[in-house]
$ cat my_file_28.tsv   # TSV, C-alpha atoms
chain	number	residue	atom	x	y	z
A	225	MET	CA	16.27	12.64	-70.16
A	226	ARG	CA	13.33	14.92	-69.51
A	227	VAL	CA	13.96	17.84	-71.85
A	228	LEU	CA	12.03	21.02	-72.49
A	229	ILE	CA	12.34	22.75	-75.86
A	230	PHE	CA	11.58	26.42	-76.43
A	231	GLY	CA	11.06	27.56	-80.01
A	232	SER	CA	9.65	24.12	-80.72
A	233	THR	CA	7.55	25.19	-83.71
A	234	GLY	CA	10.44	26.94	-85.47
A	235	SER	CA	12.72	25.38	-88.05
A	236	ILE	CA	15.42	24.36	-85.55
A	237	GLY	CA	12.92	23.56	-82.83
A	238	ARG	CA	11.05	21.04	-84.97
A	239	GLU	CA	14.32	19.23	-85.63
A	240	LEU	CA	15.11	19.26	-81.92
A	241	VAL	CA	11.71	17.80	-81.07
A	242	ASP	CA	11.91	15.06	-83.71
A	243	GLN	CA	15.51	14.06	-83.00
A	244	ALA	CA	15.06	14.15	-79.23
A	245	ARG	CA	12.09	11.81	-79.51
A	246	GLU	CA	14.06	9.50	-81.79
A	247	GLN	CA	16.77	9.35	-79.13
A	248	GLY	CA	14.28	8.31	-76.48
A	249	HIS	CA	14.10	11.53	-74.49
A	250	THR	CA	10.85	12.52	-72.85
A	251	VAL	CA	10.18	15.78	-74.63
A	252	THR	CA	8.08	18.74	-73.59
A	253	ALA	CA	7.55	21.25	-76.37
A	254	PHE	CA	6.74	24.77	-75.24
A	255	ALA	CA	4.48	26.50	-77.75
A	256	ARG	CA	1.84	29.19	-78.03
A	257	ASP	CA	-0.06	27.13	-80.60
A	258	ALA	CA	-0.10	23.38	-79.95
A	259	THR	CA	-1.75	22.68	-83.33
A	260	LYS	CA	1.59	23.34	-85.03
A	261	LEU	CA	3.09	20.22	-83.43
A	262	ASP	CA	2.77	16.52	-84.26
A	263	LEU	CA	1.20	15.11	-81.13
A	264	LYS	CA	1.04	11.44	-82.15
A	265	HIS	CA	4.07	10.28	-80.16
A	266	ASN	CA	3.84	9.03	-76.60
A	267	ASN	CA	7.07	10.68	-75.47
A	268	LEU	CA	5.95	14.17	-76.46
A	269	GLN	CA	4.07	16.55	-74.22
A	270	VAL	CA	3.08	20.12	-74.97
A	271	ALA	CA	3.30	23.02	-72.54
A	272	GLN	CA	1.15	25.76	-73.99
A	273	GLY	CA	2.22	29.27	-73.06
A	274	ASP	CA	4.01	32.47	-73.99
A	275	VAL	CA	7.77	32.71	-73.47
A	276	MET	CA	7.25	36.37	-72.57
A	277	ASP	CA	5.16	35.26	-69.56
A	278	LEU	CA	7.47	34.16	-66.74
A	279	ALA	CA	4.76	32.24	-64.87
A	280	SER	CA	3.96	29.96	-67.80
A	281	VAL	CA	7.66	29.44	-68.50
A	282	GLU	CA	8.29	28.49	-64.89
A	283	ARG	CA	5.45	25.96	-64.89
A	284	ALA	CA	6.95	24.28	-67.95
A	285	VAL	CA	10.51	24.24	-66.57
A	286	GLU	CA	9.52	22.64	-63.26
A	287	GLY	CA	10.66	18.99	-63.14
A	288	GLN	CA	12.78	19.04	-66.30
A	289	GLU	CA	16.38	17.79	-66.44
A	290	ALA	CA	17.56	20.04	-69.28
A	291	VAL	CA	16.29	22.93	-71.37
A	292	LEU	CA	17.05	23.68	-75.02
A	293	CYS	CA	16.28	27.04	-76.55
A	294	SER	CA	15.96	27.87	-80.25
A	295	LEU	CA	13.78	30.95	-80.05
A	296	GLY	CA	13.38	32.89	-83.26
A	297	ALA	CA	11.61	36.03	-84.39
A	298	GLY	CA	12.77	36.45	-87.96
A	299	ARG	CA	14.40	39.83	-88.43
A	300	LYS	CA	12.74	41.24	-85.34
A	301	GLY	CA	14.31	41.87	-81.97
A	302	THR	CA	13.43	41.37	-78.27
A	303	VAL	CA	11.74	37.94	-78.34
A	304	ARG	CA	15.00	35.99	-78.18
A	305	SER	CA	16.55	38.10	-75.45
A	306	GLU	CA	13.47	38.73	-73.32
A	307	GLY	CA	12.25	35.17	-73.72
A	308	THR	CA	15.65	33.81	-72.79
A	309	ARG	CA	15.78	36.04	-69.75
A	310	ASN	CA	12.51	34.48	-68.58
A	311	ILE	CA	13.84	30.99	-69.25
A	312	VAL	CA	17.00	31.70	-67.24
A	313	SER	CA	14.96	33.12	-64.34
A	314	ALA	CA	12.61	30.14	-64.38
A	315	MET	CA	15.49	27.68	-64.37
A	316	GLU	CA	17.23	29.43	-61.50
A	317	ASN	CA	13.97	29.55	-59.55
A	318	THR	CA	13.24	25.84	-60.03
A	319	GLY	CA	16.79	24.46	-59.74
A	320	VAL	CA	17.04	23.13	-63.31
A	321	ARG	CA	20.63	23.76	-64.40
A	322	ARG	CA	21.51	22.40	-67.86
A	323	PHE	CA	20.75	24.96	-70.55
A	324	ILE	CA	21.67	24.74	-74.24
A	325	CYS	CA	20.90	27.92	-76.13
A	326	GLN	CA	21.12	28.54	-79.86
A	327	SER	CA	22.55	31.93	-80.82
A	328	THR	CA	24.32	32.75	-84.09
A	329	LEU	CA	27.82	32.76	-85.50
A	330	GLY	CA	29.05	36.33	-85.53
A	331	VAL	CA	28.22	37.26	-81.94
A	332	GLY	CA	31.05	38.16	-79.60
A	333	ASP	CA	34.47	36.77	-80.43
A	334	SER	CA	33.05	34.83	-83.40
A	335	GLN	CA	32.48	38.01	-85.41
A	336	ALA	CA	35.85	37.55	-87.10
A	337	ASN	CA	34.60	34.21	-88.52
A	338	LEU	CA	32.24	36.11	-90.82
A	339	ASN	CA	32.99	37.33	-94.31
A	340	LEU	CA	32.36	40.93	-95.36
A	341	PHE	CA	28.86	40.15	-96.68
A	342	TRP	CA	27.63	38.67	-93.40
A	343	LYS	CA	29.45	41.14	-91.21
A	344	TYR	CA	28.41	44.38	-92.91
A	345	ILE	CA	25.40	43.67	-95.14
A	346	MET	CA	23.43	41.00	-93.29
A	347	PHE	CA	24.22	41.65	-89.63
A	348	GLY	CA	25.30	45.23	-90.14
A	349	LEU	CA	22.13	46.29	-91.99
A	350	LEU	CA	19.44	43.78	-92.99
A	351	LEU	CA	19.41	41.63	-89.85
A	352	ARG	CA	20.68	44.21	-87.37
A	353	PRO	CA	17.75	43.94	-84.90
A	354	ALA	CA	17.97	40.13	-84.86
A	355	TYR	CA	21.74	40.25	-84.40
A	356	LEU	CA	21.49	42.67	-81.45
A	357	ASP	CA	18.78	40.48	-79.97
A	358	HIS	CA	21.20	37.54	-79.99
A	359	VAL	CA	23.88	39.69	-78.36
A	360	SER	CA	21.52	40.55	-75.53
A	361	GLN	CA	20.33	36.94	-75.34
A	362	GLU	CA	23.88	35.72	-74.82
A	363	ASP	CA	24.43	38.31	-72.10
A	364	HIS	CA	21.48	36.93	-70.11
A	365	VAL	CA	22.82	33.39	-70.41
A	366	ARG	CA	26.40	34.29	-69.53
A	367	GLN	CA	25.33	36.18	-66.42
A	368	SER	CA	23.28	33.24	-65.14
A	369	ARG	CA	24.21	30.61	-62.58
A	370	LEU	CA	23.27	27.82	-64.98
A	371	ASP	CA	25.33	25.06	-66.59
A	372	TRP	CA	25.04	26.66	-69.99
A	373	THR	CA	26.34	26.12	-73.49
A	374	ILE	CA	25.70	28.72	-76.19
A	375	VAL	CA	25.74	27.21	-79.69
A	376	ARG	CA	26.61	29.60	-82.53
A	377	PRO	CA	25.56	28.11	-85.87
A	378	ALA	CA	26.31	29.62	-89.26
A	379	ALA	CA	23.57	30.31	-91.85
A	380	PHE	CA	20.88	27.63	-91.95
A	381	THR	CA	20.26	25.31	-94.89
A	382	ASP	CA	17.60	22.65	-95.48
A	383	GLY	CA	20.09	19.82	-95.88
A	384	GLU	CA	19.94	16.46	-94.14
A	385	ARG	CA	21.48	15.53	-90.83
A	386	THR	CA	25.03	14.42	-91.58
A	387	GLY	CA	26.72	14.50	-88.18
A	388	ARG	CA	29.78	15.77	-90.02
A	389	TYR	CA	30.47	19.40	-89.29
A	390	ARG	CA	33.04	21.63	-87.64
A	391	HIS	CA	32.55	22.96	-84.14
A	392	GLY	CA	34.52	24.84	-81.55
A	393	PHE	CA	36.81	26.45	-84.13
A	394	PRO	CA	38.65	29.63	-83.08
A	395	GLY	CA	37.12	33.05	-83.63
A	396	THR	CA	39.84	33.88	-86.12
A	397	ASP	CA	39.04	30.93	-88.42
A	398	LYS	CA	38.09	32.04	-91.94
A	399	THR	CA	37.91	28.60	-93.56
A	400	THR	CA	34.37	27.47	-92.73
A	401	GLU	CA	31.60	27.42	-95.34
A	402	LEU	CA	29.42	29.68	-93.15
A	403	LYS	CA	26.47	27.34	-93.50
A	404	ILE	CA	24.99	24.41	-91.60
A	405	SER	CA	21.79	22.39	-91.98
A	406	ARG	CA	19.06	22.85	-89.43
A	407	ALA	CA	19.14	19.09	-88.83
A	408	ASP	CA	22.84	19.22	-87.96
A	409	VAL	CA	22.32	22.19	-85.63
A	410	ALA	CA	19.79	20.11	-83.71
A	411	ASP	CA	22.14	17.12	-83.79
A	412	PHE	CA	24.93	19.13	-82.18
A	413	MET	CA	22.67	20.76	-79.59
A	414	LEU	CA	21.30	17.41	-78.45
A	415	LYS	CA	24.79	15.96	-78.15
A	416	GLN	CA	25.50	18.61	-75.51
A	417	LEU	CA	23.02	16.92	-73.20
A	418	THR	CA	25.60	14.24	-72.42
A	419	ASP	CA	28.83	16.10	-73.14
A	420	ASP	CA	30.37	18.81	-70.95
A	421	THR	CA	33.15	19.71	-73.38
A	422	TYR	CA	31.53	23.06	-74.09
A	423	LEU	CA	30.20	23.80	-70.62
A	424	HIS	CA	30.25	27.59	-70.17
A	425	LYS	CA	31.57	27.96	-73.72
A	426	THR	CA	30.24	29.30	-77.03
A	427	PRO	CA	31.17	26.85	-79.81
A	428	GLY	CA	30.74	27.94	-83.40
A	429	LEU	CA	29.09	25.46	-85.77
A	430	SER	CA	29.55	25.24	-89.54
A	431	TYR	CA	30.62	23.00	-92.42

$ encode --input "my_file_28.tsv" --output "structure tokens"
Amino acid sequence: MRVLIFGSTGSIGRELVDQAREQGHTVTAFARDATKLDLKHNNLQVAQGDVMDLASVERAVEGQEAVLCSLGAGRKGTVRSEGTRNIVSAMENTGVRRFICQSTLGVGDSQANLNLFWKYIMFGLLLRPAYLDHVSQEDHVRQSRLDWTIVRPAAFTDGERTGRYRHGFPGTDKTTELKISRADVADFMLKQLTDDTYLHKTPGLSY
């Protein structure tokens, strides 16, 4: 497929780019700084631009078959939500429908999956702006006319891609490890390109 990846220079985005190329997709990586990407592969193109600029986002989206989003801004807010709003607008304007967006476990009805540390210390205090940014991001996606899937991974680790993880567990589940490798997050997101099981749904993802 022709796929466009936002957040391509981040830790999840790099995995998405590498795994998508391995799977034979024609990948366009959207990035402000193209020097951060490995440009040696024939099936990789770079769309240089700013996700906060709707015009550059729309130019990149035009002609794609699917869009994956793994925008990040550390502990800061606004980039995920505002960037995602531009992506949604660009997709609706150009008629591209399949959208797979990475959020975080703990948003919405998955909040009950978290333990006290993640619920009150991390998302309640230390990562509050980032958490609220994901909440707003999900709102933009849910209100769209797109064929969306919102993926909610637990805390990231640097482990290898295993393909063995839990997904789609209920919001009341307290038995997950609350961690998942970045490689497995990308693995699951890419599987959604050819699987409609979680169309218009928000599957959690964890070991």

$ atom_distance --input "my_file_28.tsv" --atom1 "CA of Ser360 in chain A" --atom2 "CA of Phe323 in chain A"
16.4 Å

$ residues_around --input "my_file_28.tsv" --residues "Leu429 in chain A" --least-positions-apart "2" --cutoff "10 Å" --atoms "all atoms listed in the file" --output "list of chain:residue names"
A:Thr328, A:Leu329, A:Val375, A:Arg376, A:Pro377, A:Ala378, A:Ala379, A:Tyr389, A:Arg390, A:His391, A:Gly392, A:Phe393, A:Thr400, A:Leu402, A:Lys403, A:Ile404, A:Asp408, A:Val409, A:Phe412, A:Thr426, A:Pro427, A:Tyr431

$ residues_around --input "my_file_28.tsv" --residues "range 275-288 of chain A" --least-positions-apart "3" --cutoff "10 Å" --atoms "all atoms listed in the file" --output "ChimeraX atom specification"
/A:225-231,250-256,270-272,291,295,302-322

$ closest_residue --input "my_file_28.tsv" --among "A:Lys260, A:Arg245, A:Arg299, A:Ile236" --to "Leu349 in chain A" --atoms "only C-alpha atoms"
A:Arg299

$ residues_around --input "my_file_28.tsv" --residues "Ala407 in chain A" --least-positions-apart "3" --cutoff "6 Å" --atoms "all atoms listed in the file" --output "list in words"
Glu239, Glu384, Arg385 and Ala410 of chain A

$ residues_around --input "my_file_28.tsv" --residues "range 335-340 of chain A" --least-positions-apart "3" --cutoff "7 Å" --atoms "only C-alpha atoms" --output "mmCIF file with C-alpha atoms, keeping the file's coordinate frame"
data_model
loop_
_atom_site.group_PDB
_atom_site.id
_atom_site.type_symbol
_atom_site.label_atom_id
_atom_site.label_comp_id
_atom_site.auth_asym_id
_atom_site.auth_seq_id
_atom_site.Cartn_x
_atom_site.Cartn_y
_atom_site.Cartn_z
ATOM 1 C CA GLY A 330 29.050 36.330 -85.530
ATOM 2 C CA VAL A 331 28.220 37.260 -81.940
ATOM 3 C CA GLY A 332 31.050 38.160 -79.600
ATOM 4 C CA LYS A 343 29.450 41.140 -91.210
ATOM 5 C CA TYR A 344 28.410 44.380 -92.910
ATOM 6 C CA GLY A 395 37.120 33.050 -83.630
ATOM 7 C CA THR A 396 39.840 33.880 -86.120
ATOM 8 C CA ASP A 397 39.040 30.930 -88.420
ATOM 9 C CA LYS A 398 38.090 32.040 -91.940
#

$ closest_residue --input "my_file_28.tsv" --among "A:Pro353, A:His364, A:His249, A:Gly237" --to "Glu289 in chain A" --atoms "only C-alpha atoms"
A:His249

$ residues_around --input "my_file_28.tsv" --residues "Thr373 in chain A" --least-positions-apart "5" --cutoff "9 Å" --atoms "all atoms listed in the file" --output "MDAnalysis selection string"
chainID A and resid 322:326 365 413 416 420 422:427

$ write_last_selection --input "my_file_28.tsv" --atoms "C-alpha atoms" --output "compact mmCIF listing (two decimals), in the frame of the given file"
# COMPACT_ATOMS: atom_id res chain seq x y z
CA ARG A 322 21.51 22.40 -67.86
CA PHE A 323 20.75 24.96 -70.55
CA ILE A 324 21.67 24.74 -74.24
CA CYS A 325 20.90 27.92 -76.13
CA GLN A 326 21.12 28.54 -79.86
CA VAL A 365 22.82 33.39 -70.41
CA MET A 413 22.67 20.76 -79.59
CA GLN A 416 25.50 18.61 -75.51
CA ASP A 420 30.37 18.81 -70.95
CA TYR A 422 31.53 23.06 -74.09
CA LEU A 423 30.20 23.80 -70.62
CA HIS A 424 30.25 27.59 -70.17
CA LYS A 425 31.57 27.96 -73.72
CA THR A 426 30.24 29.30 -77.03
CA PRO A 427 31.17 26.85 -79.81

$ atom_distance --input "my_file_28.tsv" --atom1 "CA of Ala354 in chain A" --atom2 "CA of Trp342 in chain A"
13.0 Å

$ atom_distance --input "my_file_28.tsv" --atom1 "CA of Asp382 in chain A" --atom2 "CA of Asn267 in chain A"
25.6 Å

$ closest_residue --input "my_file_28.tsv" --among "A:Gly234, A:Gly383, A:Gly296, A:Gly248" --to "Ser327 in chain A" --atoms "all atoms listed in the file"
A:Gly296

$ closest_residue --input "my_file_28.tsv" --among "A:Asp257, A:Asp357, A:Asp333, A:Asp262" --to "Lys300 in chain A" --atoms "all atoms listed in the file"
A:Asp357

$ axis_aligned_box --input "my_file_28.tsv" --around "range 292-305 of chain A" --padding-each-side "5 Å" --output "lines of an AutoDock Vina configuration file"
center_x = 14.3
center_y = 32.8
center_z = -81.7
size_x = 15.4
size_y = 28.2
size_z = 23.4

$ build_atoms --input "my_file_28.tsv" --residues "range 339-366 of chain A" --atoms "N, CA and C atoms" --output "PDB file, in the coordinates of the input"
ATOM      1  N   ASN A 339      32.429  36.611 -93.169  1.00  0.00           N
ATOM      2  CA  ASN A 339      32.990  37.330 -94.310  1.00  0.00           C
ATOM      3  C   ASN A 339      32.379  38.737 -94.355  1.00  0.00           C
ATOM      4  N   LEU A 340      32.811  39.539 -95.302  1.00  0.00           N
ATOM      5  CA  LEU A 340      32.360  40.930 -95.360  1.00  0.00           C
ATOM      6  C   LEU A 340      30.850  41.022 -95.589  1.00  0.00           C
ATOM      7  N   PHE A 341      30.297  40.116 -96.402  1.00  0.00           N
ATOM      8  CA  PHE A 341      28.860  40.150 -96.680  1.00  0.00           C
ATOM      9  C   PHE A 341      28.045  39.961 -95.412  1.00  0.00           C
ATOM     10  N   TRP A 342      28.384  38.930 -94.626  1.00  0.00           N
ATOM     11  CA  TRP A 342      27.630  38.670 -93.400  1.00  0.00           C
ATOM     12  C   TRP A 342      27.888  39.717 -92.337  1.00  0.00           C
ATOM     13  N   LYS A 343      29.101  40.191 -92.256  1.00  0.00           N
ATOM     14  CA  LYS A 343      29.450  41.140 -91.210  1.00  0.00           C
ATOM     15  C   LYS A 343      28.799  42.508 -91.432  1.00  0.00           C
ATOM     16  N   TYR A 344      28.838  43.000 -92.661  1.00  0.00           N
ATOM     17  CA  TYR A 344      28.410  44.380 -92.910  1.00  0.00           C
ATOM     18  C   TYR A 344      27.047  44.518 -93.589  1.00  0.00           C
ATOM     19  N   ILE A 345      26.679  43.567 -94.449  1.00  0.00           N
ATOM     20  CA  ILE A 345      25.400  43.670 -95.140  1.00  0.00           C
ATOM     21  C   ILE A 345      24.285  42.998 -94.330  1.00  0.00           C
ATOM     22  N   MET A 346      24.488  41.734 -93.991  1.00  0.00           N
ATOM     23  CA  MET A 346      23.430  41.000 -93.290  1.00  0.00           C
ATOM     24  C   MET A 346      23.285  41.459 -91.834  1.00  0.00           C
ATOM     25  N   PHE A 347      24.329  41.272 -91.038  1.00  0.00           N
ATOM     26  CA  PHE A 347      24.220  41.650 -89.630  1.00  0.00           C
ATOM     27  C   PHE A 347      24.421  43.141 -89.397  1.00  0.00           C
ATOM     28  N   GLY A 348      25.095  43.801 -90.297  1.00  0.00           N
ATOM     29  CA  GLY A 348      25.300  45.230 -90.140  1.00  0.00           C
ATOM     30  C   GLY A 348      24.087  46.047 -90.540  1.00  0.00           C
ATOM     31  N   LEU A 349      23.278  45.533 -91.475  1.00  0.00           N
ATOM     32  CA  LEU A 349      22.130  46.290 -91.990  1.00  0.00           C
ATOM     33  C   LEU A 349      20.826  45.485 -91.943  1.00  0.00           C
ATOM     34  N   LEU A 350      20.717  44.463 -92.779  1.00  0.00           N
ATOM     35  CA  LEU A 350      19.440  43.780 -92.990  1.00  0.00           C
ATOM     36  C   LEU A 350      18.927  43.054 -91.745  1.00  0.00           C
ATOM     37  N   LEU A 351      19.813  42.405 -91.026  1.00  0.00           N
ATOM     38  CA  LEU A 351      19.410  41.630 -89.850  1.00  0.00           C
ATOM     39  C   LEU A 351      19.902  42.252 -88.547  1.00  0.00           C
ATOM     40  N   ARG A 352      20.116  43.541 -88.553  1.00  0.00           N
ATOM     41  CA  ARG A 352      20.680  44.210 -87.370  1.00  0.00           C
ATOM     42  C   ARG A 352      19.861  43.988 -86.098  1.00  0.00           C
ATOM     43  N   PRO A 353      18.522  44.168 -86.126  1.00  0.00           N
ATOM     44  CA  PRO A 353      17.750  43.940 -84.900  1.00  0.00           C
ATOM     45  C   PRO A 353      17.873  42.507 -84.369  1.00  0.00           C
ATOM     46  N   ALA A 354      17.846  41.532 -85.283  1.00  0.00           N
ATOM     47  CA  ALA A 354      17.970  40.130 -84.860  1.00  0.00           C
ATOM     48  C   ALA A 354      19.353  39.866 -84.265  1.00  0.00           C
ATOM     49  N   TYR A 355      20.381  40.440 -84.888  1.00  0.00           N
ATOM     50  CA  TYR A 355      21.740  40.250 -84.400  1.00  0.00           C
ATOM     51  C   TYR A 355      21.881  40.821 -82.981  1.00  0.00           C
ATOM     52  N   LEU A 356      21.391  42.039 -82.767  1.00  0.00           N
ATOM     53  CA  LEU A 356      21.490  42.670 -81.450  1.00  0.00           C
ATOM     54  C   LEU A 356      20.681  41.907 -80.415  1.00  0.00           C
ATOM     55  N   ASP A 357      19.588  41.300 -80.859  1.00  0.00           N
ATOM     56  CA  ASP A 357      18.780  40.480 -79.970  1.00  0.00           C
ATOM     57  C   ASP A 357      19.569  39.267 -79.492  1.00  0.00           C
ATOM     58  N   HIS A 358      20.341  38.657 -80.385  1.00  0.00           N
ATOM     59  CA  HIS A 358      21.200  37.540 -79.990  1.00  0.00           C
ATOM     60  C   HIS A 358      22.305  37.988 -79.043  1.00  0.00           C
ATOM     61  N   VAL A 359      22.854  39.167 -79.264  1.00  0.00           N
ATOM     62  CA  VAL A 359      23.880  39.690 -78.360  1.00  0.00           C
ATOM     63  C   VAL A 359      23.330  39.812 -76.952  1.00  0.00           C
ATOM     64  N   SER A 360      22.157  40.400 -76.843  1.00  0.00           N
ATOM     65  CA  SER A 360      21.520  40.550 -75.530  1.00  0.00           C
ATOM     66  C   SER A 360      21.138  39.199 -74.945  1.00  0.00           C
ATOM     67  N   GLN A 361      20.673  38.286 -75.794  1.00  0.00           N
ATOM     68  CA  GLN A 361      20.330  36.940 -75.340  1.00  0.00           C
ATOM     69  C   GLN A 361      21.535  36.264 -74.697  1.00  0.00           C
ATOM     70  N   GLU A 362      22.668  36.340 -75.365  1.00  0.00           N
ATOM     71  CA  GLU A 362      23.880  35.720 -74.820  1.00  0.00           C
ATOM     72  C   GLU A 362      24.281  36.345 -73.488  1.00  0.00           C
ATOM     73  N   ASP A 363      24.085  37.640 -73.358  1.00  0.00           N
ATOM     74  CA  ASP A 363      24.430  38.310 -72.100  1.00  0.00           C
ATOM     75  C   ASP A 363      23.623  37.725 -70.944  1.00  0.00           C
ATOM     76  N   HIS A 364      22.320  37.499 -71.163  1.00  0.00           N
ATOM     77  CA  HIS A 364      21.480  36.930 -70.110  1.00  0.00           C
ATOM     78  C   HIS A 364      21.963  35.533 -69.717  1.00  0.00           C
ATOM     79  N   VAL A 365      22.357  34.751 -70.696  1.00  0.00           N
ATOM     80  CA  VAL A 365      22.820  33.390 -70.410  1.00  0.00           C
ATOM     81  C   VAL A 365      24.154  33.415 -69.666  1.00  0.00           C
ATOM     82  N   ARG A 366      25.076  34.222 -70.138  1.00  0.00           N
ATOM     83  CA  ARG A 366      26.400  34.290 -69.530  1.00  0.00           C
ATOM     84  C   ARG A 366      26.349  34.759 -68.071  1.00  0.00           C
TER      85      ARG A 366
END
